[in-house]
>>> print(open('structure17.cif').read())   # mmCIF, C-alpha atoms and all ligand atoms
data_target
loop_
_atom_site.group_PDB
_atom_site.id
_atom_site.type_symbol
_atom_site.label_atom_id
_atom_site.label_comp_id
_atom_site.auth_asym_id
_atom_site.auth_seq_id
_atom_site.Cartn_x
_atom_site.Cartn_y
_atom_site.Cartn_z
ATOM 1 C CA MET S 11 -19.180 29.647 -7.894
ATOM 2 C CA ALA S 12 -19.088 33.323 -8.787
ATOM 3 C CA LYS S 13 -16.812 35.588 -6.778
ATOM 4 C CA ILE S 14 -16.122 39.257 -6.220
ATOM 5 C CA THR S 15 -12.599 39.923 -7.415
ATOM 6 C CA ALA S 16 -12.301 43.667 -6.849
ATOM 7 C CA SER S 17 -14.135 46.875 -6.093
ATOM 8 C CA VAL S 18 -13.776 50.152 -7.951
ATOM 9 C CA TYR S 19 -14.846 53.563 -6.631
ATOM 10 C CA THR S 20 -15.199 56.682 -8.722
ATOM 11 C CA SER S 21 -16.988 60.011 -9.037
ATOM 12 C CA HIS S 22 -19.465 60.415 -11.914
ATOM 13 C CA VAL S 23 -19.274 64.129 -12.827
ATOM 14 C CA PRO S 24 -21.459 64.614 -15.953
ATOM 15 C CA ALA S 25 -19.068 67.212 -17.425
ATOM 16 C CA ILE S 26 -16.437 64.446 -17.652
ATOM 17 C CA GLY S 27 -18.767 62.589 -20.036
ATOM 18 C CA ALA S 28 -19.332 65.761 -22.020
ATOM 19 C CA ALA S 29 -15.562 66.426 -22.205
ATOM 20 C CA LEU S 30 -15.015 62.940 -23.659
ATOM 21 C CA ASP S 31 -17.973 63.054 -26.028
ATOM 22 C CA LEU S 32 -17.002 66.509 -27.357
ATOM 23 C CA GLY S 33 -13.312 65.600 -27.812
ATOM 24 C CA LYS S 34 -12.072 67.908 -25.046
ATOM 25 C CA SER S 35 -10.297 65.363 -22.843
ATOM 26 C CA GLY S 36 -6.870 66.637 -23.959
ATOM 27 C CA GLU S 37 -7.561 70.209 -22.828
ATOM 28 C CA PRO S 38 -5.409 71.478 -19.924
ATOM 29 C CA TYR S 39 -8.415 71.620 -17.569
ATOM 30 C CA TRP S 40 -9.330 67.965 -18.192
ATOM 31 C CA GLN S 41 -5.899 66.384 -18.731
ATOM 32 C CA PRO S 42 -5.116 65.830 -15.030
ATOM 33 C CA VAL S 43 -8.540 64.235 -14.469
ATOM 34 C CA PHE S 44 -8.175 61.677 -17.258
ATOM 35 C CA LYS S 45 -4.514 61.048 -16.367
ATOM 36 C CA GLY S 46 -5.713 59.716 -13.005
ATOM 37 C CA TYR S 47 -7.553 56.957 -14.888
ATOM 38 C CA ASP S 48 -4.730 55.854 -17.252
ATOM 39 C CA TYR S 49 -3.663 53.226 -14.740
ATOM 40 C CA SER S 50 -7.264 52.138 -14.236
ATOM 41 C CA LYS S 51 -7.996 51.568 -17.931
ATOM 42 C CA GLN S 52 -4.946 49.295 -18.198
ATOM 43 C CA TRP S 53 -5.830 47.609 -14.893
ATOM 44 C CA LEU S 54 -9.325 46.799 -16.196
ATOM 45 C CA LYS S 55 -7.806 45.248 -19.345
ATOM 46 C CA ASP S 56 -5.398 43.210 -17.203
ATOM 47 C CA ASN S 57 -8.145 42.185 -14.748
ATOM 48 C CA PRO S 58 -11.197 41.698 -16.967
ATOM 49 C CA PRO S 59 -14.390 40.929 -15.050
ATOM 50 C CA ASP S 60 -17.161 38.747 -16.478
ATOM 51 C CA VAL S 61 -19.762 41.077 -14.974
ATOM 52 C CA ILE S 62 -19.714 44.526 -13.350
ATOM 53 C CA PHE S 63 -22.244 45.124 -10.572
ATOM 54 C CA LEU S 64 -22.475 48.906 -10.801
ATOM 55 C CA VAL S 65 -23.880 50.789 -7.801
ATOM 56 C CA TYR S 66 -24.893 54.287 -8.885
ATOM 57 C CA ASN S 67 -27.626 56.849 -8.514
ATOM 58 C CA ASP S 68 -30.225 57.909 -10.996
ATOM 59 C CA HIS S 69 -30.632 61.711 -11.142
ATOM 60 C CA ALA S 70 -34.415 61.932 -11.630
ATOM 61 C CA THR S 71 -33.931 60.406 -15.094
ATOM 62 C CA ALA S 72 -35.397 56.880 -14.982
ATOM 63 C CA PHE S 73 -37.132 57.695 -11.702
ATOM 64 C CA SER S 74 -38.679 60.956 -10.548
ATOM 65 C CA LEU S 75 -40.658 62.352 -7.651
ATOM 66 C CA GLU S 76 -43.485 60.117 -8.893
ATOM 67 C CA MET S 77 -41.615 56.977 -7.890
ATOM 68 C CA ILE S 78 -38.596 56.770 -5.591
ATOM 69 C CA PRO S 79 -37.184 53.278 -4.985
ATOM 70 C CA THR S 80 -34.512 53.230 -2.287
ATOM 71 C CA PHE S 81 -32.658 50.328 -3.948
ATOM 72 C CA ALA S 82 -33.403 49.188 -7.511
ATOM 73 C CA ILE S 83 -31.742 46.331 -9.400
ATOM 74 C CA GLY S 84 -31.719 46.283 -13.197
ATOM 75 C CA THR S 85 -32.684 42.797 -14.381
ATOM 76 C CA ALA S 86 -33.127 43.641 -18.083
ATOM 77 C CA ALA S 87 -31.096 42.260 -20.999
ATOM 78 C CA GLU S 88 -30.053 45.793 -21.994
ATOM 79 C CA PHE S 89 -30.234 49.407 -20.849
ATOM 80 C CA THR S 90 -30.183 52.436 -23.128
ATOM 81 C CA PRO S 91 -28.118 55.555 -22.311
ATOM 82 C CA ALA S 92 -30.625 58.196 -21.194
ATOM 83 C CA ASP S 93 -31.457 61.520 -22.755
ATOM 84 C CA GLU S 94 -30.782 63.925 -19.870
ATOM 85 C CA GLY S 95 -31.911 66.963 -21.824
ATOM 86 C CA TRP S 96 -29.319 67.326 -24.577
ATOM 87 C CA GLY S 97 -29.642 63.927 -26.284
ATOM 88 C CA PRO S 98 -28.312 60.556 -25.123
ATOM 89 C CA ARG S 99 -24.539 60.285 -24.698
ATOM 90 C CA PRO S 100 -22.914 58.660 -27.764
ATOM 91 C CA VAL S 101 -21.833 55.618 -25.776
ATOM 92 C CA PRO S 102 -22.604 51.921 -26.244
ATOM 93 C CA LYS S 103 -25.800 50.492 -24.858
ATOM 94 C CA VAL S 104 -25.346 48.627 -21.605
ATOM 95 C CA ILE S 105 -25.760 44.854 -21.840
ATOM 96 C CA GLY S 106 -27.200 43.416 -18.642
ATOM 97 C CA HIS S 107 -26.916 39.986 -17.028
ATOM 98 C CA PRO S 108 -30.532 38.994 -16.308
ATOM 99 C CA GLU S 109 -29.610 35.599 -14.881
ATOM 100 C CA LEU S 110 -27.155 36.866 -12.260
ATOM 101 C CA ALA S 111 -29.295 39.941 -11.554
ATOM 102 C CA ALA S 112 -32.353 37.773 -10.889
ATOM 103 C CA HIS S 113 -30.296 35.511 -8.622
ATOM 104 C CA ILE S 114 -28.974 38.510 -6.665
ATOM 105 C CA ALA S 115 -32.507 39.907 -6.353
ATOM 106 C CA GLN S 116 -33.750 36.566 -5.041
ATOM 107 C CA SER S 117 -30.892 36.172 -2.554
ATOM 108 C CA VAL S 118 -30.751 39.779 -1.298
ATOM 109 C CA ILE S 119 -34.527 40.032 -0.850
ATOM 110 C CA GLN S 120 -34.456 36.756 1.086
ATOM 111 C CA GLN S 121 -31.718 38.351 3.228
ATOM 112 C CA ASP S 122 -34.364 40.940 4.154
ATOM 113 C CA PHE S 123 -33.437 43.885 1.907
ATOM 114 C CA ASP S 124 -36.280 45.366 -0.111
ATOM 115 C CA LEU S 125 -35.139 45.783 -3.715
ATOM 116 C CA THR S 126 -37.218 47.177 -6.536
ATOM 117 C CA ILE S 127 -36.887 44.971 -9.604
ATOM 118 C CA VAL S 128 -36.555 47.013 -12.773
ATOM 119 C CA ASN S 129 -37.088 45.287 -16.091
ATOM 120 C CA ARG S 130 -36.843 48.433 -18.164
ATOM 121 C CA MET S 131 -34.919 51.645 -17.548
ATOM 122 C CA ASP S 132 -32.562 54.093 -19.195
ATOM 123 C CA VAL S 133 -29.249 54.777 -17.465
ATOM 124 C CA ASP S 134 -27.915 58.297 -16.909
ATOM 125 C CA HIS S 135 -24.457 59.823 -16.297
ATOM 126 C CA GLY S 136 -24.364 58.191 -12.870
ATOM 127 C CA LEU S 137 -23.732 54.880 -14.643
ATOM 128 C CA THR S 138 -22.233 55.840 -18.002
ATOM 129 C CA VAL S 139 -19.546 58.287 -16.768
ATOM 130 C CA PRO S 140 -17.860 55.689 -14.499
ATOM 131 C CA LEU S 141 -17.852 53.256 -17.454
ATOM 132 C CA SER S 142 -16.300 55.928 -19.690
ATOM 133 C CA LEU S 143 -13.627 56.757 -17.106
ATOM 134 C CA MET S 144 -12.650 53.110 -16.683
ATOM 135 C CA CYS S 145 -13.049 51.929 -20.304
ATOM 136 C CA GLY S 146 -12.453 55.001 -22.494
ATOM 137 C CA GLN S 147 -14.495 55.139 -25.695
ATOM 138 C CA PRO S 148 -14.936 51.537 -26.920
ATOM 139 C CA GLN S 149 -17.450 50.301 -29.530
ATOM 140 C CA ALA S 150 -18.984 48.106 -26.826
ATOM 141 C CA TRP S 151 -18.536 48.003 -23.046
ATOM 142 C CA PRO S 152 -16.154 45.162 -22.135
ATOM 143 C CA CYS S 153 -18.684 43.000 -20.274
ATOM 144 C CA PRO S 154 -22.275 42.844 -19.034
ATOM 145 C CA VAL S 155 -23.226 45.347 -16.342
ATOM 146 C CA ILE S 156 -25.907 45.019 -13.663
ATOM 147 C CA PRO S 157 -27.168 48.512 -12.787
ATOM 148 C CA PHE S 158 -28.012 48.951 -9.112
ATOM 149 C CA ALA S 159 -29.628 52.330 -8.406
ATOM 150 C CA VAL S 160 -29.683 53.902 -4.933
ATOM 151 C CA ASN S 161 -31.856 56.840 -3.954
ATOM 152 C CA VAL S 162 -29.495 59.589 -2.767
ATOM 153 C CA VAL S 163 -31.501 62.370 -4.425
ATOM 154 C CA GLN S 164 -34.706 62.657 -2.400
ATOM 155 C CA TYR S 165 -34.850 62.364 1.379
ATOM 156 C CA PRO S 166 -35.064 60.025 3.191
ATOM 157 C CA VAL S 167 -31.968 58.310 1.772
ATOM 158 C CA PRO S 168 -30.502 55.042 3.130
ATOM 159 C CA SER S 169 -27.901 55.226 5.905
ATOM 160 C CA GLY S 170 -24.252 54.350 5.403
ATOM 161 C CA ARG S 171 -24.797 51.439 7.793
ATOM 162 C CA ARG S 172 -27.625 50.015 5.687
ATOM 163 C CA CYS S 173 -25.557 50.412 2.539
ATOM 164 C CA PHE S 174 -22.610 48.615 4.151
ATOM 165 C CA GLU S 175 -24.862 45.751 5.327
ATOM 166 C CA LEU S 176 -26.402 45.551 1.862
ATOM 167 C CA GLY S 177 -22.898 45.146 0.410
ATOM 168 C CA LYS S 178 -22.391 42.119 2.655
ATOM 169 C CA ALA S 179 -25.676 40.625 1.407
ATOM 170 C CA ILE S 180 -24.679 41.241 -2.233
ATOM 171 C CA ARG S 181 -21.396 39.412 -1.627
ATOM 172 C CA LYS S 182 -23.269 36.388 -0.254
ATOM 173 C CA ALA S 183 -25.633 36.520 -3.216
ATOM 174 C CA VAL S 184 -22.804 36.603 -5.764
ATOM 175 C CA GLU S 185 -20.939 33.783 -4.031
ATOM 176 C CA SER S 186 -24.003 31.555 -4.133
ATOM 177 C CA PHE S 187 -24.362 31.870 -7.928
ATOM 178 C CA ASP S 188 -23.547 28.564 -9.519
ATOM 179 C CA LYS S 189 -21.269 29.751 -12.346
ATOM 180 C CA PRO S 190 -17.561 30.633 -12.130
ATOM 181 C CA LEU S 191 -17.999 34.339 -12.892
ATOM 182 C CA LYS S 192 -15.513 37.032 -11.889
ATOM 183 C CA VAL S 193 -17.627 39.924 -10.649
ATOM 184 C CA GLN S 194 -16.412 43.443 -9.889
ATOM 185 C CA ILE S 195 -18.515 45.716 -7.741
ATOM 186 C CA TRP S 196 -18.274 49.432 -8.397
ATOM 187 C CA GLY S 197 -19.362 52.155 -5.965
ATOM 188 C CA THR S 198 -19.828 55.514 -7.660
ATOM 189 C CA GLY S 199 -20.817 59.152 -7.089
ATOM 190 C CA GLY S 200 -19.257 61.739 -4.753
ATOM 191 C CA MET S 201 -16.906 63.062 -3.640
ATOM 192 C CA SER S 202 -17.644 66.345 -1.857
ATOM 193 C CA HIS S 203 -19.864 68.683 -3.866
ATOM 194 C CA GLN S 204 -22.933 70.836 -3.490
ATOM 195 C CA LEU S 205 -24.789 72.005 -6.577
ATOM 196 C CA GLN S 206 -27.414 74.299 -5.082
ATOM 197 C CA GLY S 207 -28.176 76.831 -2.357
ATOM 198 C CA PRO S 208 -25.875 79.274 -0.620
ATOM 199 C CA ARG S 209 -23.105 76.667 -0.219
ATOM 200 C CA ALA S 210 -23.043 75.725 -3.940
ATOM 201 C CA GLY S 211 -19.459 74.984 -4.988
ATOM 202 C CA LEU S 212 -18.472 73.506 -1.631
ATOM 203 C CA ILE S 213 -15.456 71.146 -1.794
ATOM 204 C CA ASN S 214 -13.804 69.608 1.277
ATOM 205 C CA LYS S 215 -10.445 67.980 0.471
ATOM 206 C CA GLU S 216 -9.757 67.102 4.082
ATOM 207 C CA PHE S 217 -13.074 65.252 4.454
ATOM 208 C CA ASP S 218 -12.632 63.454 1.136
ATOM 209 C CA ASN S 219 -9.148 62.192 1.902
ATOM 210 C CA ALA S 220 -10.126 61.098 5.402
ATOM 211 C CA PHE S 221 -13.090 59.261 3.813
ATOM 212 C CA LEU S 222 -10.755 57.457 1.395
ATOM 213 C CA ASP S 223 -8.374 56.529 4.249
ATOM 214 C CA GLN S 224 -11.195 55.156 6.361
ATOM 215 C CA LEU S 225 -12.939 53.405 3.463
ATOM 216 C CA ILE S 226 -9.729 51.454 2.917
ATOM 217 C CA ALA S 227 -8.732 50.795 6.519
ATOM 218 C CA ASP S 228 -11.872 50.816 8.675
ATOM 219 C CA PRO S 229 -15.091 50.701 6.640
ATOM 220 C CA GLU S 230 -16.986 49.278 9.611
ATOM 221 C CA ALA S 231 -16.416 52.520 11.563
ATOM 222 C CA LEU S 232 -17.066 54.644 8.470
ATOM 223 C CA ALA S 233 -20.459 52.955 8.093
ATOM 224 C CA SER S 234 -21.559 54.629 11.349
ATOM 225 C CA LYS S 235 -21.142 58.128 9.933
ATOM 226 C CA PRO S 236 -24.596 59.780 9.992
ATOM 227 C CA HIS S 237 -26.145 61.598 7.020
ATOM 228 C CA ILE S 238 -25.844 64.948 8.616
ATOM 229 C CA ASP S 239 -22.038 64.624 8.690
ATOM 230 C CA TYR S 240 -21.939 63.965 4.934
ATOM 231 C CA VAL S 241 -24.209 66.883 4.200
ATOM 232 C CA ARG S 242 -22.451 69.267 6.585
ATOM 233 C CA GLU S 243 -18.907 68.289 5.621
ATOM 234 C CA ALA S 244 -19.183 67.094 2.005
ATOM 235 C CA GLY S 245 -22.172 69.120 0.767
ATOM 236 C CA SER S 246 -25.718 68.104 -0.122
ATOM 237 C CA GLU S 247 -24.564 65.997 -3.097
ATOM 238 C CA GLY S 248 -21.659 64.573 -1.071
ATOM 239 C CA ILE S 249 -24.277 62.160 0.295
ATOM 240 C CA GLU S 250 -23.712 60.185 -2.931
ATOM 241 C CA LEU S 251 -20.708 58.744 -1.082
ATOM 242 C CA VAL S 252 -22.876 56.324 0.926
ATOM 243 C CA MET S 253 -22.997 54.242 -2.270
ATOM 244 C CA TRP S 254 -19.273 53.540 -1.911
ATOM 245 C CA LEU S 255 -20.077 51.645 1.303
ATOM 246 C CA ILE S 256 -22.174 49.129 -0.658
ATOM 247 C CA ALA S 257 -19.169 48.162 -2.758
ATOM 248 C CA ARG S 258 -16.870 48.169 0.274
ATOM 249 C CA GLY S 259 -19.244 45.952 2.260
ATOM 250 C CA ALA S 260 -18.987 43.323 -0.479
ATOM 251 C CA MET S 261 -15.197 42.890 -0.092
ATOM 252 C CA SER S 262 -13.836 39.698 1.502
ATOM 253 C CA ASP S 263 -12.063 41.299 4.474
ATOM 254 C CA VAL S 264 -15.455 42.403 5.806
ATOM 255 C CA ALA S 265 -16.393 38.689 5.983
ATOM 256 C CA GLY S 266 -13.144 37.722 7.758
ATOM 257 C CA GLY S 267 -10.765 37.495 4.767
ATOM 258 C CA PRO S 268 -7.451 39.310 4.301
ATOM 259 C CA ALA S 269 -7.291 43.077 3.802
ATOM 260 C CA PRO S 270 -7.696 44.125 0.150
ATOM 261 C CA LYS S 271 -4.780 45.404 -1.919
ATOM 262 C CA VAL S 272 -4.984 49.094 -2.793
ATOM 263 C CA ALA S 273 -4.189 48.860 -6.507
ATOM 264 C CA HIS S 274 -4.811 52.542 -7.230
ATOM 265 C CA ARG S 275 -5.801 55.777 -5.493
ATOM 266 C CA PHE S 276 -6.451 59.156 -7.121
ATOM 267 C CA TYR S 277 -7.894 62.478 -6.012
ATOM 268 C CA HIS S 278 -8.276 65.688 -7.981
ATOM 269 C CA VAL S 279 -10.019 69.047 -7.627
ATOM 270 C CA PRO S 280 -11.711 70.539 -9.567
ATOM 271 C CA ALA S 281 -13.850 68.787 -12.138
ATOM 272 C CA SER S 282 -16.917 70.893 -12.808
ATOM 273 C CA ASN S 283 -18.338 71.489 -9.295
ATOM 274 C CA THR S 284 -17.055 68.233 -7.892
ATOM 275 C CA ALA S 285 -14.018 66.699 -6.218
ATOM 276 C CA VAL S 286 -13.019 63.575 -8.148
ATOM 277 C CA GLY S 287 -11.999 60.580 -6.069
ATOM 278 C CA HIS S 288 -11.072 57.112 -7.280
ATOM 279 C CA LEU S 289 -9.918 53.860 -5.690
ATOM 280 C CA ILE S 290 -9.329 50.306 -6.864
ATOM 281 C CA LEU S 291 -9.276 47.584 -4.205
ATOM 282 C CA GLU S 292 -8.436 43.982 -5.089
ATOM 283 C CA ASN S 293 -9.561 40.989 -3.069
ATOM 284 C CA LYS S 294 -6.607 38.803 -2.127
HETATM 285 C C1 LIG S 301 -22.242 67.647 -11.030
HETATM 286 C C2 LIG S 301 -21.947 66.566 -10.213
HETATM 287 C C3 LIG S 301 -22.857 65.526 -10.050
HETATM 288 O O1 LIG S 301 -22.676 64.462 -9.231
HETATM 289 C C4 LIG S 301 -24.043 65.546 -10.746
HETATM 290 O O2 LIG S 301 -24.864 64.484 -10.632
HETATM 291 C C5 LIG S 301 -24.374 66.635 -11.547
HETATM 292 C C6 LIG S 301 -23.462 67.683 -11.687
HETATM 293 C C7 LIG S 301 -21.265 68.762 -11.218
HETATM 294 O O3 LIG S 301 -20.153 68.702 -10.699
HETATM 295 O O4 LIG S 301 -21.593 69.718 -11.909
HETATM 296 FE FE FE S 302 -24.485 63.119 -9.101
#
>>> encode(input="structure17.cif", output="structure tokens")
Amino acid sequence: MAKITASVYTSHVPAIGAALDLGKSGEPYWQPVFKGYDYSKQWLKDNPPDVIFLVYNDHATAFSLEMIPTFAIGTAAEFTPADEGWGPRPVPKVIGHPELAAHIAQSVIQQDFDLTIVNRMDVDHGLTVPLSLMCGQPQAWPCPVIPFAVNVVQYPVPSGRRCFELGKAIRKAVESFDKPLKVQIWGTGGMSHQLQGPRAGLINKEFDNAFLDQLIADPEALASKPHIDYVREAGSEGIELVMWLIARGAMSDVAGGPAPKVAHRFYHVPASNTAVGHLILENK
């Protein structure tokens, strides 16, 4: 059977992608950001997954105000990096895993979550920047990726509780797939940031670090945090953090297994307008 071996959490700041693509990652401003991922790139090589289930948000790129799925699973054979206004990022196309994606859709929908099935979509910085941070600049991404898009852009957005419960359903789905695949689940976006309005530029280090502590030690309690707390404390775009609860809900300890190993933890401010947070948790 397939199993979830680890979860990875990371911010997706678009300027990080631009820094890499424009050859600026060695500049003093960016060096400390990329240094936080040196361990992670080696870890990914040492712990290669067969498939990455990548929870991210689309930023009105593939979707728009015309169509707003709360949860959308990418079932296509491949996904093209999106043109977000200045040309597509020069990164490899994303190879999907239609067979596992279709199985997860079947299982999770039968567990009473409404997923939108997407057979064609382009993927924006929400998906490609986490891949770049974890993999560097390869000719091809190291394995197939199943994109799983969550609406955190247009209200109403799903609650942390629903995201956490969805993670549990995804774990059951993966573990009922009849092939011995090692699957990593990644939760992306965040940490604190606000891009618009009078509070633009808001960063809250205390909130972010408490979030990381609680995500590791007591995700069940963290899942009860209401939207308004994210928005008040972590800024309007800090709500992206609910996606981390999907990945956390898919870890074995939540289903009665042993606590995960914290393989890596990193936090850095600033990167563009955003606090960068990053965690790697391994199932034992
Ligand atoms: C920034 C951060 C984001 O999460 C995003 O989607 C766009 C911009 C920023 O820090 O500028
Ligand atoms: Fe974002």
>>> closest_atom_pairs(input="structure17.cif", of="chain S", to="ligand LIG 301 (chain S)", cutoff="12 Å", atoms="only C-alpha atoms and all ligand atoms", output="CSV")
residue,atom,partner,partner_atom,distance
S:Thr20,CA,S:LIG301,O1,10.8
S:Ser21,CA,S:LIG301,O1,7.2
S:His22,CA,S:LIG301,O1,5.8
S:Val23,CA,S:LIG301,C2,4.5
S:Pro24,CA,S:LIG301,C6,5.6
S:Ala25,CA,S:LIG301,O4,6.6
S:Ile26,CA,S:LIG301,O3,9.0
S:Gly27,CA,S:LIG301,C6,10.8
S:Ala28,CA,S:LIG301,O4,11.1
S:Tyr66,CA,S:LIG301,O2,10.3
S:Asn67,CA,S:LIG301,O2,8.4
S:Asp68,CA,S:LIG301,O2,8.5
S:His69,CA,S:LIG301,O2,6.4
S:Ala70,CA,S:LIG301,O2,9.9
S:Thr71,CA,S:LIG301,O2,10.9
S:Glu94,CA,S:LIG301,C5,10.8
S:Asp134,CA,S:LIG301,O2,9.3
S:His135,CA,S:LIG301,O2,7.3
S:Gly136,CA,S:LIG301,O2,6.7
S:Leu137,CA,S:LIG301,O2,10.5
S:Thr138,CA,S:LIG301,O2,11.7
S:Val139,CA,S:LIG301,O2,10.2
S:Pro140,CA,S:LIG301,O1,11.3
S:Val162,CA,S:LIG301,O2,10.4
S:Val163,CA,S:LIG301,O2,9.3
S:Thr198,CA,S:LIG301,O1,9.5
S:Gly199,CA,S:LIG301,O1,6.0
S:Gly200,CA,S:LIG301,O1,6.3
S:Met201,CA,S:LIG301,O1,8.2
S:Ser202,CA,S:LIG301,O1,9.1
S:His203,CA,S:LIG301,O3,6.8
S:Gln204,CA,S:LIG301,O3,8.0
S:Leu205,CA,S:LIG301,O4,6.6
S:Gln206,CA,S:LIG301,O4,10.1
S:Ala210,CA,S:LIG301,O4,10.1
S:Gly211,CA,S:LIG301,O3,8.5
S:Leu212,CA,S:LIG301,O3,10.4
S:Ile213,CA,S:LIG301,O3,10.4
S:Gly245,CA,S:LIG301,O1,11.0
S:Ser246,CA,S:LIG301,O1,10.3
S:Glu247,CA,S:LIG301,O1,6.6
S:Gly248,CA,S:LIG301,O1,8.2
S:Ile249,CA,S:LIG301,O1,9.9
S:Glu250,CA,S:LIG301,O1,7.7
S:Leu251,CA,S:LIG301,O1,10.1
S:Val279,CA,S:LIG301,O3,10.6
S:Pro280,CA,S:LIG301,O3,8.7
S:Ala281,CA,S:LIG301,O3,6.5
S:Ser282,CA,S:LIG301,O3,4.4
S:Asn283,CA,S:LIG301,O3,3.6
S:Thr284,CA,S:LIG301,O3,4.2
S:Ala285,CA,S:LIG301,O3,7.9
S:Val286,CA,S:LIG301,O3,9.1
S:Gly287,CA,S:LIG301,O1,11.8
>>> atom_distance(input="structure17.cif", atom1="atom CA of Gln194 of chain S", atom2="atom CA of Lys51 of chain S")
14.2 Å
>>> closest_residue(input="structure17.cif", among="S:Val184, S:Ala112, S:Ile256, S:Leu143", to="Pro168 of chain S", atoms="only C-alpha atoms")
S:Ile256
>>> closest_residue(input="structure17.cif", among="S:Glu243, S:Glu175, S:Glu76, S:Asp188", to="Gly259 of chain S", atoms="only C-alpha atoms")
S:Glu175
>>> closest_residue(input="structure17.cif", among="S:Val133, S:Val43, S:Ile238, S:Ala260", to="Tyr165 of chain S", atoms="all atoms listed in the file")
S:Ile238
>>> resolve_selection(input="structure17.cif", expression="the PyMOL selection byres (((chain S and resi 189) around 7) and not hetatm)", output="compact mmCIF listing (two decimals) with C-alpha atoms, keeping the file's coordinate frame")
# COMPACT_ATOMS: atom_id res chain seq x y z
CA MET S 11 -19.18 29.65 -7.89
CA ALA S 12 -19.09 33.32 -8.79
CA PHE S 187 -24.36 31.87 -7.93
CA ASP S 188 -23.55 28.56 -9.52
CA PRO S 190 -17.56 30.63 -12.13
CA LEU S 191 -18.00 34.34 -12.89
>>> residues_around(input="structure17.cif", residues="Pro79 of chain S", least_positions_apart="2", cutoff="12 Å", atoms="all atoms listed in the file", output="list in words")
Asn67, Asp68, Ala70, Ala72, Phe73, Ser74, Leu75, Glu76, Met77, Phe81, Ala82, Ile83, Asp124, Leu125, Thr126, Ile127, Val128, Phe158, Ala159, Val160, Asn161, Val162, Val163, Gln164, Tyr165, Pro166, Val167 and Pro168 of chain S
>>> residues_near_point(input="structure17.cif", point="(-3.7, 66.2, -11.4)", cutoff="10 Å", atoms="only C-alpha atoms", output="list in words")
Tyr39, Trp40, Gln41, Pro42, Val43, Phe44, Lys45, Gly46, Phe276, Tyr277, His278, Val279 and Pro280 of chain S
>>> atom_distance(input="structure17.cif", atom1="atom CA of Gly170 of chain S", atom2="atom CA of Leu110 of chain S")
25.0 Å
>>> resolve_selection(input="structure17.cif", expression="the PyMOL selection byres (((chain S and resi 91) around 8) and not hetatm)", output="number ranges by chain")
S: 89-90, 92-93, 98-99, 101-104, 132-134, 138
>>> resolve_selection(input="structure17.cif", expression="the PyMOL selection byres (((chain S and resi 291) around 8) and not hetatm)", output="PyMOL selection string")
chain S and resi 16-18+270-274+289-290+292-293
>>> closest_residue(input="structure17.cif", among="S:Asn219, S:Pro152, S:Met253, S:Lys294", to="ligand FE 302 (chain S)", atoms="only C-alpha atoms and all ligand atoms")
S:Met253
>>> atom_distance(input="structure17.cif", atom1="atom CA of Ala86 of chain S", atom2="atom CA of Pro108 of chain S")
5.6 Å
>>> closest_residue(input="structure17.cif", among="S:Pro208, S:Gly267, S:Pro229, S:Pro157", to="Cys173 of chain S", atoms="only C-alpha atoms")
S:Pro229
>>> closest_residue(input="structure17.cif", among="S:Met144, S:Ala231, S:Ile226, S:Arg171", to="Tyr49 of chain S", atoms="only C-alpha atoms")
S:Met144
>>> residues_around(input="structure17.cif", residues="Pro58 of chain S", least_positions_apart="3", cutoff="12 Å", atoms="only C-alpha atoms", output="PDB file with C-alpha atoms, keeping the file's coordinate frame")
ATOM      1  CA  THR S  15     -12.599  39.923  -7.415  1.00  0.00           C
ATOM      2  CA  ALA S  16     -12.301  43.667  -6.849  1.00  0.00           C
ATOM      3  CA  SER S  50      -7.264  52.138 -14.236  1.00  0.00           C
ATOM      4  CA  LYS S  51      -7.996  51.568 -17.931  1.00  0.00           C
ATOM      5  CA  GLN S  52      -4.946  49.295 -18.198  1.00  0.00           C
ATOM      6  CA  TRP S  53      -5.830  47.609 -14.893  1.00  0.00           C
ATOM      7  CA  LEU S  54      -9.325  46.799 -16.196  1.00  0.00           C
ATOM      8  CA  LYS S  55      -7.806  45.248 -19.345  1.00  0.00           C
ATOM      9  CA  VAL S  61     -19.762  41.077 -14.974  1.00  0.00           C
ATOM     10  CA  ILE S  62     -19.714  44.526 -13.350  1.00  0.00           C
ATOM     11  CA  MET S 144     -12.650  53.110 -16.683  1.00  0.00           C
ATOM     12  CA  CYS S 145     -13.049  51.929 -20.304  1.00  0.00           C
ATOM     13  CA  TRP S 151     -18.536  48.003 -23.046  1.00  0.00           C
ATOM     14  CA  PRO S 152     -16.154  45.162 -22.135  1.00  0.00           C
ATOM     15  CA  CYS S 153     -18.684  43.000 -20.274  1.00  0.00           C
ATOM     16  CA  PRO S 154     -22.275  42.844 -19.034  1.00  0.00           C
ATOM     17  CA  LEU S 191     -17.999  34.339 -12.892  1.00  0.00           C
ATOM     18  CA  LYS S 192     -15.513  37.032 -11.889  1.00  0.00           C
ATOM     19  CA  VAL S 193     -17.627  39.924 -10.649  1.00  0.00           C
ATOM     20  CA  GLN S 194     -16.412  43.443  -9.889  1.00  0.00           C
TER      21      GLN S 194
END
